[in-house]
>>> print(open('target_28.txt').read())   # compact mmCIF, C-alpha atoms
# COMPACT_ATOMS: atom_id res chain seq x y z
CA MET F 1 -5.46 9.34 -9.57
CA GLN F 2 -7.19 6.66 -7.48
CA ILE F 3 -8.34 9.28 -4.94
CA ALA F 4 -9.76 11.44 -7.75
CA LYS F 5 -11.67 8.46 -9.15
CA SER F 6 -13.05 7.64 -5.70
CA MET F 7 -14.22 11.23 -5.18
CA LYS F 8 -15.88 11.28 -8.60
CA LEU F 9 -17.64 7.96 -7.95
CA ASN F 10 -18.71 9.14 -4.49
CA THR F 11 -20.31 12.24 -6.05
CA ILE F 12 -22.15 10.03 -8.54
CA TYR F 13 -23.46 7.91 -5.67
CA VAL F 14 -24.69 10.96 -3.71
CA VAL F 15 -26.60 12.34 -6.71
CA ALA F 16 -28.03 8.89 -7.49
CA VAL F 17 -29.18 8.38 -3.88
CA VAL F 18 -30.95 11.75 -3.74
CA LEU F 19 -32.72 11.27 -7.09
CA ASN F 20 -33.83 7.71 -6.35
CA LEU F 21 -35.00 8.49 -2.81
CA LEU F 22 -37.18 11.33 -4.10
CA PHE F 23 -38.57 9.03 -6.77
CA VAL F 24 -39.35 6.31 -4.18
CA ILE F 25 -41.41 8.81 -2.16
CA ILE F 26 -43.27 9.94 -5.30
CA GLU F 27 -43.95 6.31 -6.35
CA VAL F 28 -45.31 5.32 -2.93
CA VAL F 29 -47.62 8.35 -2.73
CA ILE F 30 -48.96 7.94 -6.28
CA GLY F 31 -49.06 4.12 -5.97
CA LEU F 32 -51.26 4.36 -2.86
CA TYR F 33 -53.43 7.09 -4.35
CA GLY F 34 -53.76 5.32 -7.69
CA ASN F 35 -54.04 1.83 -6.09
CA SER F 36 -51.21 0.40 -8.21
CA MET F 37 -49.38 -2.71 -6.94
CA GLY F 38 -46.95 -2.33 -9.82
CA LEU F 39 -45.87 1.13 -8.66
CA ILE F 40 -45.70 0.18 -4.98
CA SER F 41 -43.65 -2.93 -5.81
CA ASP F 42 -41.32 -0.90 -7.97
CA ALA F 43 -41.00 1.66 -5.15
CA GLY F 44 -39.98 -1.14 -2.77
CA HIS F 45 -37.35 -2.28 -5.23
CA ASN F 46 -36.14 1.27 -5.75
CA LEU F 47 -35.85 1.72 -1.99
CA GLY F 48 -33.67 -1.39 -1.97
CA ASP F 49 -31.55 0.26 -4.64
CA VAL F 50 -31.18 3.37 -2.46
CA PHE F 51 -29.80 1.16 0.30
CA SER F 52 -27.63 -0.54 -2.31
CA LEU F 53 -26.16 2.79 -3.38
CA LEU F 54 -25.60 3.83 0.25
CA LEU F 55 -23.86 0.55 1.01
CA ALA F 56 -21.74 0.92 -2.13
CA MET F 57 -20.70 4.37 -0.91
CA ILE F 58 -19.63 2.89 2.42
CA ALA F 59 -17.76 0.11 0.62
CA LEU F 60 -15.96 2.68 -1.52
CA LYS F 61 -14.78 4.54 1.59
CA LEU F 62 -13.66 1.30 3.26
CA THR F 63 -11.68 0.31 0.18
CA ALA F 64 -10.07 3.73 -0.33
CA ALA F 65 -9.25 4.44 3.32
CA ASN F 66 -5.67 4.01 4.46
CA ASN F 67 -6.69 2.35 7.70
CA SER F 68 -4.30 -0.52 8.22
CA LYS F 69 -4.21 -1.62 11.88
CA ARG F 70 -2.24 -4.11 13.94
CA ARG F 71 -5.21 -6.48 14.01
CA PHE F 72 -6.52 -5.49 10.56
CA THR F 73 -3.42 -5.51 8.37
CA TYR F 74 -5.52 -5.15 5.21
CA GLY F 75 -7.49 -2.32 6.81
CA TYR F 76 -11.26 -2.72 6.40
CA ARG F 77 -11.20 -3.60 2.71
CA LYS F 78 -12.89 -6.96 3.30
CA GLY F 79 -15.90 -5.01 4.55
CA SER F 80 -16.69 -4.05 0.94
CA ILE F 81 -17.22 -7.75 0.13
CA LEU F 82 -19.46 -8.25 3.15
CA ILE F 83 -21.44 -5.18 2.10
CA SER F 84 -21.99 -6.60 -1.39
CA LEU F 85 -23.29 -9.81 0.24
CA LEU F 86 -25.63 -7.83 2.52
CA ASN F 87 -26.80 -5.83 -0.49
CA ALA F 88 -27.74 -9.01 -2.36
CA ILE F 89 -29.58 -10.43 0.67
CA ILE F 90 -31.62 -7.22 1.09
CA LEU F 91 -32.68 -7.39 -2.54
CA LEU F 92 -33.72 -11.04 -2.20
CA VAL F 93 -35.91 -10.12 0.79
CA ALA F 94 -37.48 -7.35 -1.32
CA VAL F 95 -38.18 -9.90 -4.07
CA GLY F 96 -39.99 -12.15 -1.60
CA ILE F 97 -42.17 -9.30 -0.34
CA ILE F 98 -43.08 -8.20 -3.89
CA ILE F 99 -44.05 -11.76 -4.92
CA ILE F 100 -46.21 -12.36 -1.83
CA GLU F 101 -48.10 -9.07 -2.16
CA SER F 102 -48.62 -9.54 -5.90
CA ILE F 103 -49.91 -13.12 -5.55
CA GLU F 104 -52.38 -12.01 -2.87
CA LYS F 105 -53.87 -9.48 -5.33
CA ILE F 106 -54.24 -11.86 -8.31
CA PRO F 107 -57.56 -13.49 -7.19
CA HIS F 108 -59.12 -10.08 -6.56
CA PRO F 109 -57.39 -7.46 -8.74
CA GLU F 110 -58.35 -3.91 -7.83
CA SER F 111 -58.95 -0.98 -10.17
CA VAL F 112 -55.87 1.03 -11.06
CA ASN F 113 -55.49 4.63 -12.22
CA SER F 114 -53.57 3.85 -15.40
CA SER F 115 -52.65 7.48 -16.11
CA PHE F 116 -50.80 7.78 -12.78
CA VAL F 117 -49.01 4.50 -13.48
CA ILE F 118 -47.89 5.52 -16.96
CA TRP F 119 -46.55 8.97 -16.09
CA THR F 120 -44.86 7.90 -12.86
CA ALA F 121 -43.17 4.92 -14.50
CA ALA F 122 -42.09 7.14 -17.40
CA ALA F 123 -40.34 9.39 -14.87
CA GLY F 124 -38.68 6.23 -13.52
CA ILE F 125 -37.27 5.45 -16.94
CA VAL F 126 -35.59 8.87 -17.00
CA ILE F 127 -34.22 8.73 -13.43
CA ASN F 128 -33.11 5.09 -13.44
CA GLY F 129 -31.76 5.36 -16.96
CA ALA F 130 -29.72 8.46 -16.09
CA THR F 131 -28.30 6.73 -12.98
CA ALA F 132 -27.37 3.62 -14.96
CA LEU F 133 -25.73 5.80 -17.61
CA VAL F 134 -23.42 7.60 -15.15
CA LEU F 135 -22.49 4.27 -13.50
CA ALA F 136 -21.87 2.56 -16.83
CA LYS F 137 -18.27 3.78 -17.15
CA GLN F 138 -17.42 2.95 -13.52
CA HIS F 139 -18.78 -0.59 -13.04
CA LYS F 140 -16.17 -2.81 -14.68
CA HIS F 141 -13.70 -3.23 -11.82
CA ASP F 142 -15.84 -3.26 -8.67
CA ILE F 143 -18.61 -5.68 -7.74
CA ASN F 144 -20.54 -3.12 -5.67
CA THR F 145 -20.57 -0.57 -8.49
CA ARG F 146 -21.42 -3.34 -10.95
CA GLY F 147 -24.31 -4.40 -8.72
CA ALA F 148 -25.60 -0.83 -8.52
CA PHE F 149 -25.31 -0.46 -12.31
CA LEU F 150 -27.17 -3.72 -13.00
CA HIS F 151 -29.94 -2.78 -10.58
CA MET F 152 -30.39 0.64 -12.16
CA LEU F 153 -30.42 -0.93 -15.62
CA ALA F 154 -32.99 -3.50 -14.48
CA ASP F 155 -35.07 -0.71 -12.93
CA THR F 156 -35.09 1.13 -16.24
CA LEU F 157 -36.43 -1.97 -17.99
CA VAL F 158 -38.95 -2.56 -15.20
CA SER F 159 -40.23 1.01 -15.44
CA ALA F 160 -40.68 0.48 -19.17
CA GLY F 161 -42.68 -2.65 -18.36
CA VAL F 162 -44.88 -0.72 -15.92
CA VAL F 163 -45.57 1.90 -18.61
CA ILE F 164 -46.64 -0.87 -20.99
CA SER F 165 -48.88 -2.44 -18.31
CA GLY F 166 -50.47 0.97 -17.66
CA ILE F 167 -51.23 1.38 -21.35
CA ILE F 168 -52.76 -2.12 -21.51
CA ILE F 169 -54.96 -1.40 -18.46
CA ASN F 170 -56.02 1.93 -19.95
CA TYR F 171 -57.27 0.33 -23.18
CA THR F 172 -58.52 -3.06 -21.91
CA GLY F 173 -59.46 -2.61 -18.26
CA TRP F 174 -57.55 -5.80 -17.39
CA TYR F 175 -56.56 -4.85 -13.85
CA ILE F 176 -54.96 -8.24 -13.26
CA ILE F 177 -52.07 -6.95 -15.37
CA ASP F 178 -50.96 -4.84 -12.37
CA PRO F 179 -50.17 -7.68 -9.90
CA LEU F 180 -48.72 -9.74 -12.77
CA THR F 181 -46.39 -6.82 -13.47
CA GLY F 182 -45.33 -6.95 -9.82
CA ILE F 183 -44.36 -10.63 -10.23
CA ILE F 184 -42.46 -9.92 -13.44
CA ILE F 185 -40.58 -7.15 -11.62
CA ALA F 186 -39.65 -9.64 -8.89
CA VAL F 187 -38.34 -12.16 -11.43
CA ILE F 188 -36.23 -9.50 -13.16
CA VAL F 189 -34.80 -8.39 -9.81
CA LEU F 190 -34.05 -12.00 -8.86
CA ILE F 191 -32.18 -12.62 -12.11
CA SER F 192 -30.14 -9.42 -11.80
CA THR F 193 -29.36 -10.13 -8.13
CA TRP F 194 -28.41 -13.81 -8.37
CA GLY F 195 -25.02 -13.20 -9.98
CA LEU F 196 -24.19 -10.56 -7.36
CA LEU F 197 -25.18 -12.93 -4.54
CA SER F 198 -23.19 -15.90 -5.84
CA GLU F 199 -20.04 -13.85 -6.50
CA SER F 200 -20.32 -12.13 -3.11
CA LEU F 201 -20.61 -15.50 -1.38
CA ARG F 202 -17.54 -16.82 -3.20
CA MET F 203 -15.48 -13.74 -2.44
CA SER F 204 -16.50 -13.80 1.24
CA VAL F 205 -14.88 -17.24 1.58
CA ASP F 206 -11.74 -16.13 -0.32
CA ALA F 207 -12.53 -17.90 -3.60
CA VAL F 208 -10.72 -16.81 -6.74
CA PRO F 209 -12.59 -13.79 -8.23
CA GLU F 210 -14.53 -14.51 -11.41
CA SER F 211 -12.34 -12.10 -13.37
CA ILE F 212 -9.24 -14.22 -12.69
CA ASP F 213 -8.34 -17.47 -14.50
CA THR F 214 -5.96 -19.38 -12.19
CA ASP F 215 -4.67 -21.75 -14.87
CA SER F 216 -3.90 -18.82 -17.17
CA ILE F 217 -2.07 -16.98 -14.36
CA VAL F 218 0.07 -20.04 -13.59
CA GLN F 219 0.92 -20.51 -17.28
CA LYS F 220 1.92 -16.86 -17.65
CA MET F 221 4.05 -16.99 -14.51
CA GLN F 222 5.82 -20.11 -15.72
CA ALA F 223 6.37 -18.48 -19.10
CA VAL F 224 8.48 -15.71 -17.50
CA ASP F 225 12.13 -16.14 -18.44
CA GLY F 226 14.04 -17.93 -15.69
CA VAL F 227 11.02 -19.54 -14.01
CA GLY F 228 11.12 -23.32 -13.72
CA ASN F 229 7.89 -23.99 -11.86
CA VAL F 230 5.10 -22.35 -9.86
CA HIS F 231 3.22 -24.04 -7.01
CA HIS F 232 1.31 -23.37 -3.76
CA ILE F 233 -0.57 -20.57 -5.51
CA HIS F 234 -3.41 -18.78 -3.74
CA ILE F 235 -5.56 -16.00 -5.24
CA TRP F 236 -8.32 -14.14 -3.41
CA GLY F 237 -10.07 -10.78 -3.22
CA ILE F 238 -9.05 -8.50 -0.36
CA SER F 239 -11.80 -6.09 -1.40
CA THR F 240 -14.36 -5.88 -4.18
CA ASN F 241 -11.79 -4.35 -6.55
CA GLU F 242 -8.42 -5.59 -5.23
CA VAL F 243 -6.93 -9.04 -5.76
CA ALA F 244 -4.05 -10.65 -3.87
CA LEU F 245 -1.81 -13.59 -4.75
CA THR F 246 0.78 -15.69 -2.97
CA ALA F 247 2.90 -18.33 -4.70
CA HIS F 248 6.13 -20.29 -4.54
CA VAL F 249 8.28 -19.75 -7.62
CA VAL F 250 11.08 -22.13 -8.56
CA ILE F 251 13.81 -20.34 -10.54
CA ASN F 252 16.79 -21.66 -12.50
CA ASP F 253 19.34 -19.00 -11.51
CA ILE F 254 19.23 -17.48 -8.03
CA THR F 255 21.38 -14.54 -9.12
CA SER F 256 18.57 -13.37 -11.45
CA TYR F 257 15.78 -13.45 -8.88
CA HIS F 258 15.38 -9.63 -8.72
CA ASP F 259 14.63 -9.43 -12.45
CA ILE F 260 12.40 -12.50 -12.31
CA ILE F 261 10.31 -11.12 -9.44
CA HIS F 262 9.99 -7.77 -11.22
CA ASN F 263 8.82 -9.42 -14.46
CA ILE F 264 6.30 -11.64 -12.66
CA LYS F 265 4.84 -8.76 -10.65
CA GLU F 266 4.60 -6.61 -13.77
CA MET F 267 2.71 -9.37 -15.55
CA LEU F 268 0.40 -9.87 -12.55
CA CYS F 269 -0.42 -6.17 -12.45
CA GLN F 270 -1.47 -6.38 -16.09
CA GLU F 271 -3.81 -9.21 -15.08
CA GLY F 272 -5.38 -7.09 -12.33
CA ILE F 273 -3.43 -8.55 -9.39
CA HIS F 274 -1.65 -5.71 -7.60
CA HIS F 275 -0.93 -7.38 -4.26
CA SER F 276 1.45 -10.32 -4.71
CA THR F 277 3.82 -12.15 -2.37
CA LEU F 278 6.31 -14.49 -4.04
CA GLU F 279 8.54 -17.01 -2.26
CA ILE F 280 11.56 -17.86 -4.37
CA GLU F 281 12.95 -21.39 -4.45
CA THR F 282 15.70 -23.09 -6.40
CA GLU F 283 15.58 -26.47 -8.09
CA ASP F 284 17.87 -27.83 -5.38
CA TYR F 285 15.33 -26.94 -2.69
CA GLU F 286 11.72 -27.00 -3.72
CA CYS F 287 9.37 -26.67 -0.75
CA ASP F 288 7.07 -29.69 -0.48
CA SER F 289 3.48 -29.77 0.76
CA LYS F 290 4.39 -31.22 4.17
CA VAL F 291 6.65 -28.27 4.94
CA CYS F 292 4.70 -25.46 3.27
CA GLY F 293 1.12 -26.62 3.73
>>> encode(input="target_28.txt", output="structure tokens")
Amino acid sequence: MQIAKSMKLNTIYVVAVVLNLLFVIIEVVIGLYGNSMGLISDAGHNLGDVFSLLLAMIALKLTAANNSKRRFTYGYRKGSILISLLNAIILLVAVGIIIIESIEKIPHPESVNSSFVIWTAAAGIVINGATALVLAKQHKHDINTRGAFLHMLADTLVSAGVVISGIIINYTGWYIIDPLTGIIIAVIVLISTWGLLSESLRMSVDAVPESIDTDSIVQKMQAVDGVGNVHHIHIWGISTNEVALTAHVVINDITSYHDIIHNIKEMLCQEGIHHSTLEIETEDYECDSKVCG
């Protein structure tokens, strides 16, 4: 089932990459011909999204591959987290470039072919909207897919903004609207990227994923019949869609530890934690911090 989902998502990525790369080329050509900073800026952002989709494809393969090695006992799953961090950094660089170029044009705005801007951006609404739509059902459990979805959704809104700016220029001749649109695009990209960057940074240093509430997990573990206490708990992401946990569990009856472990692991799976290592202790011997670290 997991392999089938990965193949389906990989196909979605391939189609999305092809469509968006073609659109980037069209935007650059028309943006240069029509002298539109808004279109060129949007093309730069869309090119960043193409790289984002390519990186997400690589991350998907790293996560799905059964490539456990002697020196990489988790395989290359962690690479998917590093890729999400790289993806966020690339987008921030794109934001900086868009802002600089747009600010330079504000004092001396140049004439823009509004018809080219309107029709090209309208095509962007269709392409970006379609990509966001196919990613919508896949983005909930993976940060890379969620990042791609958010960027495509933001692109759809940005393209709508470019259409509006083209209409305003057409009826008013206010060419300054074009570089201002470029700045607005940059702000939208920054907002949509910030969450991805912060979560990627946290996951890269083995912080608890945002989807996991540690206090709630501890309470639910302690609520399992036969559990006296839970301590030395660690939760981290081993990939962008897999979470691991280690913990020491104090139980009341050592003869029931098989059932207790089964019940805890079943509960953890329901909470999205499928890799768990539990060390069982009794009340007579509870490992202290000096021994266990």
>>> closest_residue(input="target_28.txt", among="F:Ala16, F:Ile280, F:Ile168, F:Leu85", to="F:Asn252", atoms="all atoms listed in the file")
F:Ile280
>>> residues_around(input="target_28.txt", residues="F:Leu197", least_positions_apart="2", cutoff="10 Å", atoms="only C-alpha atoms", output="list in words")
Ser84, Leu85, Leu86, Asn87, Ala88, Ile89, Leu91, Leu92, Gly147, Leu190, Ser192, Thr193, Trp194, Gly195, Glu199, Ser200, Leu201, Arg202 and Met203 of chain F
>>> write_last_selection(input="target_28.txt", atoms="C-alpha atoms", output="mmCIF file, in the frame of the given file")
data_model
loop_
_atom_site.group_PDB
_atom_site.id
_atom_site.type_symbol
_atom_site.label_atom_id
_atom_site.label_comp_id
_atom_site.auth_asym_id
_atom_site.auth_seq_id
_atom_site.Cartn_x
_atom_site.Cartn_y
_atom_site.Cartn_z
ATOM 1 C CA SER F 84 -21.990 -6.600 -1.390
ATOM 2 C CA LEU F 85 -23.290 -9.810 0.240
ATOM 3 C CA LEU F 86 -25.630 -7.830 2.520
ATOM 4 C CA ASN F 87 -26.800 -5.830 -0.490
ATOM 5 C CA ALA F 88 -27.740 -9.010 -2.360
ATOM 6 C CA ILE F 89 -29.580 -10.430 0.670
ATOM 7 C CA LEU F 91 -32.680 -7.390 -2.540
ATOM 8 C CA LEU F 92 -33.720 -11.040 -2.200
ATOM 9 C CA GLY F 147 -24.310 -4.400 -8.720
ATOM 10 C CA LEU F 190 -34.050 -12.000 -8.860
ATOM 11 C CA SER F 192 -30.140 -9.420 -11.800
ATOM 12 C CA THR F 193 -29.360 -10.130 -8.130
ATOM 13 C CA TRP F 194 -28.410 -13.810 -8.370
ATOM 14 C CA GLY F 195 -25.020 -13.200 -9.980
ATOM 15 C CA GLU F 199 -20.040 -13.850 -6.500
ATOM 16 C CA SER F 200 -20.320 -12.130 -3.110
ATOM 17 C CA LEU F 201 -20.610 -15.500 -1.380
ATOM 18 C CA ARG F 202 -17.540 -16.820 -3.200
ATOM 19 C CA MET F 203 -15.480 -13.740 -2.440
#
>>> residues_around(input="target_28.txt", residues="F:Phe116", least_positions_apart="4", cutoff="8 Å", atoms="only C-alpha atoms", output="compact mmCIF listing (two decimals) with C-alpha atoms, keeping the file's coordinate frame")
# COMPACT_ATOMS: atom_id res chain seq x y z
CA ILE F 30 -48.96 7.94 -6.28
CA GLY F 31 -49.06 4.12 -5.97
CA GLY F 34 -53.76 5.32 -7.69
CA THR F 120 -44.86 7.90 -12.86
>>> atom_distance(input="target_28.txt", atom1="atom CA of F:Ile273", atom2="atom CA of F:Ala244")
5.9 Å
>>> atom_distance(input="target_28.txt", atom1="atom CA of F:Val126", atom2="atom CA of F:Gly96")
26.4 Å
>>> closest_residue(input="target_28.txt", among="F:His151, F:His262, F:Lys220, F:His274", to="F:Gly48", atoms="only C-alpha atoms")
F:His151
>>> residues_around(input="target_28.txt", residues="F:Phe51", least_positions_apart="3", cutoff="10 Å", atoms="all atoms listed in the file", output="number ranges by chain")
F: 17, 21, 45-48, 54-57, 87, 90-91, 148
>>> residues_near_point(input="target_28.txt", point="(-41.7, 2.6, -14.7)", cutoff="7 Å", atoms="all atoms listed in the file", output="count of residues only")
13
>>> residues_around(input="target_28.txt", residues="F:Gln222", least_positions_apart="5", cutoff="10 Å", atoms="all atoms listed in the file", output="PyMOL selection string")
chain F and resi 216-217+227-231+249-251+264
>>> closest_atom_pairs(input="target_28.txt", of="stretch 219-266 of chain F", to="stretch 204-211 of chain F", cutoff="10 Å", atoms="all atoms listed in the file", output="JSON lines")
{"residue": "F:His234", "atom": "CA", "partner": "F:Val208", "partner_atom": "CA", "distance": 8.1}
{"residue": "F:Ile235", "atom": "CA", "partner": "F:Val208", "partner_atom": "CA", "distance": 5.4}
{"residue": "F:Trp236", "atom": "CA", "partner": "F:Val208", "partner_atom": "CA", "distance": 4.9}
{"residue": "F:Gly237", "atom": "CA", "partner": "F:Asp206", "partner_atom": "CA", "distance": 6.3}
{"residue": "F:Ile238", "atom": "CA", "partner": "F:Asp206", "partner_atom": "CA", "distance": 8.1}
{"residue": "F:Ser239", "atom": "CA", "partner": "F:Ser204", "partner_atom": "CA", "distance": 9.4}
{"residue": "F:Thr240", "atom": "CA", "partner": "F:Pro209", "partner_atom": "CA", "distance": 9.1}
{"residue": "F:Asn241", "atom": "CA", "partner": "F:Pro209", "partner_atom": "CA", "distance": 9.6}
{"residue": "F:Glu242", "atom": "CA", "partner": "F:Pro209", "partner_atom": "CA", "distance": 9.7}
{"residue": "F:Val243", "atom": "CA", "partner": "F:Pro209", "partner_atom": "CA", "distance": 7.8}
{"residue": "F:Ala244", "atom": "CA", "partner": "F:Val208", "partner_atom": "CA", "distance": 9.5}
{"residue": "F:Leu245", "atom": "CA", "partner": "F:Val208", "partner_atom": "CA", "distance": 9.7}
>>> closest_residue(input="target_28.txt", among="F:Ile261, F:Val24, F:Ile100, F:Val18", to="F:Pro179", atoms="only C-alpha atoms")
F:Ile100
>>> atom_distance(input="target_28.txt", atom1="atom CA of F:Gly75", atom2="atom CA of F:Lys61")
11.3 Å
>>> residues_near_point(input="target_28.txt", point="(-50.5, 6.6, -17.7)", cutoff="7 Å", atoms="all atoms listed in the file", output="short mmCIF file (atom, residue, chain, number, x, y, z; two decimals) with C-alpha atoms, in the frame of the given file")
data_model
loop_
_atom_site.label_atom_id
_atom_site.label_comp_id
_atom_site.auth_asym_id
_atom_site.auth_seq_id
_atom_site.Cartn_x
_atom_site.Cartn_y
_atom_site.Cartn_z
CA SER F 114 -53.57 3.85 -15.40
CA SER F 115 -52.65 7.48 -16.11
CA PHE F 116 -50.80 7.78 -12.78
CA VAL F 117 -49.01 4.50 -13.48
CA ILE F 118 -47.89 5.52 -16.96
CA TRP F 119 -46.55 8.97 -16.09
CA VAL F 163 -45.57 1.90 -18.61
CA GLY F 166 -50.47 0.97 -17.66
CA ILE F 167 -51.23 1.38 -21.35
#
>>> closest_residue(input="target_28.txt", among="F:Leu19, F:Leu39, F:Leu268, F:Val95", to="F:Asp213", atoms="only C-alpha atoms")
F:Leu268
>>> decode(input="target_28.txt", residues="stretch 124-172 of chain F", atoms="C-alpha atoms", output="PDB file, in the first residue's frame")
ATOM      1  CA  GLY F 124      -0.653  30.427 -14.236  1.00  0.00           C
ATOM      2  CA  ILE F 125      -3.858  30.279 -12.227  1.00  0.00           C
ATOM      3  CA  VAL F 126      -4.906  27.173 -14.162  1.00  0.00           C
ATOM      4  CA  ILE F 127      -1.518  25.394 -13.973  1.00  0.00           C
ATOM      5  CA  ASN F 128      -0.684  26.259 -10.358  1.00  0.00           C
ATOM      6  CA  GLY F 129      -4.246  25.661  -9.234  1.00  0.00           C
ATOM      7  CA  ALA F 130      -4.337  22.229 -10.889  1.00  0.00           C
ATOM      8  CA  THR F 131      -1.001  21.286  -9.266  1.00  0.00           C
ATOM      9  CA  ALA F 132      -2.184  22.426  -5.835  1.00  0.00           C
ATOM     10  CA  LEU F 133      -5.409  20.470  -6.308  1.00  0.00           C
ATOM     11  CA  VAL F 134      -3.660  17.147  -7.021  1.00  0.00           C
ATOM     12  CA  LEU F 135      -1.285  17.690  -4.071  1.00  0.00           C
ATOM     13  CA  ALA F 136      -4.113  18.659  -1.716  1.00  0.00           C
ATOM     14  CA  LYS F 137      -4.984  15.066  -0.776  1.00  0.00           C
ATOM     15  CA  GLN F 138      -1.331  14.058  -0.289  1.00  0.00           C
ATOM     16  CA  HIS F 139       0.126  16.873   1.846  1.00  0.00           C
ATOM     17  CA  LYS F 140      -1.080  16.078   5.357  1.00  0.00           C
ATOM     18  CA  HIS F 141       1.617  13.647   6.499  1.00  0.00           C
ATOM     19  CA  ASP F 142       4.811  14.866   4.825  1.00  0.00           C
ATOM     20  CA  ILE F 143       6.520  18.234   5.206  1.00  0.00           C
ATOM     21  CA  ASN F 144       8.009  18.193   1.689  1.00  0.00           C
ATOM     22  CA  THR F 145       4.641  17.496   0.066  1.00  0.00           C
ATOM     23  CA  ARG F 146       3.025  20.066   2.356  1.00  0.00           C
ATOM     24  CA  GLY F 147       5.652  22.606   1.309  1.00  0.00           C
ATOM     25  CA  ALA F 148       5.028  21.887  -2.374  1.00  0.00           C
ATOM     26  CA  PHE F 149       1.262  22.193  -1.838  1.00  0.00           C
ATOM     27  CA  LEU F 150       1.565  25.519   0.010  1.00  0.00           C
ATOM     28  CA  HIS F 151       3.848  26.933  -2.670  1.00  0.00           C
ATOM     29  CA  MET F 152       1.491  25.922  -5.464  1.00  0.00           C
ATOM     30  CA  LEU F 153      -1.450  27.395  -3.551  1.00  0.00           C
ATOM     31  CA  ALA F 154       0.493  30.621  -2.975  1.00  0.00           C
ATOM     32  CA  ASP F 155       1.423  30.698  -6.674  1.00  0.00           C
ATOM     33  CA  THR F 156      -2.237  30.436  -7.616  1.00  0.00           C
ATOM     34  CA  LEU F 157      -3.045  33.450  -5.436  1.00  0.00           C
ATOM     35  CA  VAL F 158      -0.017  35.337  -6.771  1.00  0.00           C
ATOM     36  CA  SER F 159      -1.075  34.692 -10.372  1.00  0.00           C
ATOM     37  CA  ALA F 160      -4.503  36.057  -9.496  1.00  0.00           C
ATOM     38  CA  GLY F 161      -2.781  39.154  -8.104  1.00  0.00           C
ATOM     39  CA  VAL F 162      -0.762  39.590 -11.301  1.00  0.00           C
ATOM     40  CA  VAL F 163      -3.976  39.391 -13.354  1.00  0.00           C
ATOM     41  CA  ILE F 164      -5.486  42.124 -11.198  1.00  0.00           C
ATOM     42  CA  SER F 165      -2.347  44.290 -11.556  1.00  0.00           C
ATOM     43  CA  GLY F 166      -2.475  43.813 -15.345  1.00  0.00           C
ATOM     44  CA  ILE F 167      -6.084  44.964 -15.421  1.00  0.00           C
ATOM     45  CA  ILE F 168      -5.241  48.030 -13.296  1.00  0.00           C
ATOM     46  CA  ILE F 169      -2.323  48.943 -15.594  1.00  0.00           C
ATOM     47  CA  ASN F 170      -4.530  48.482 -18.654  1.00  0.00           C
ATOM     48  CA  TYR F 171      -7.146  50.954 -17.410  1.00  0.00           C
ATOM     49  CA  THR F 172      -4.976  53.449 -15.475  1.00  0.00           C
TER      50      THR F 172
END
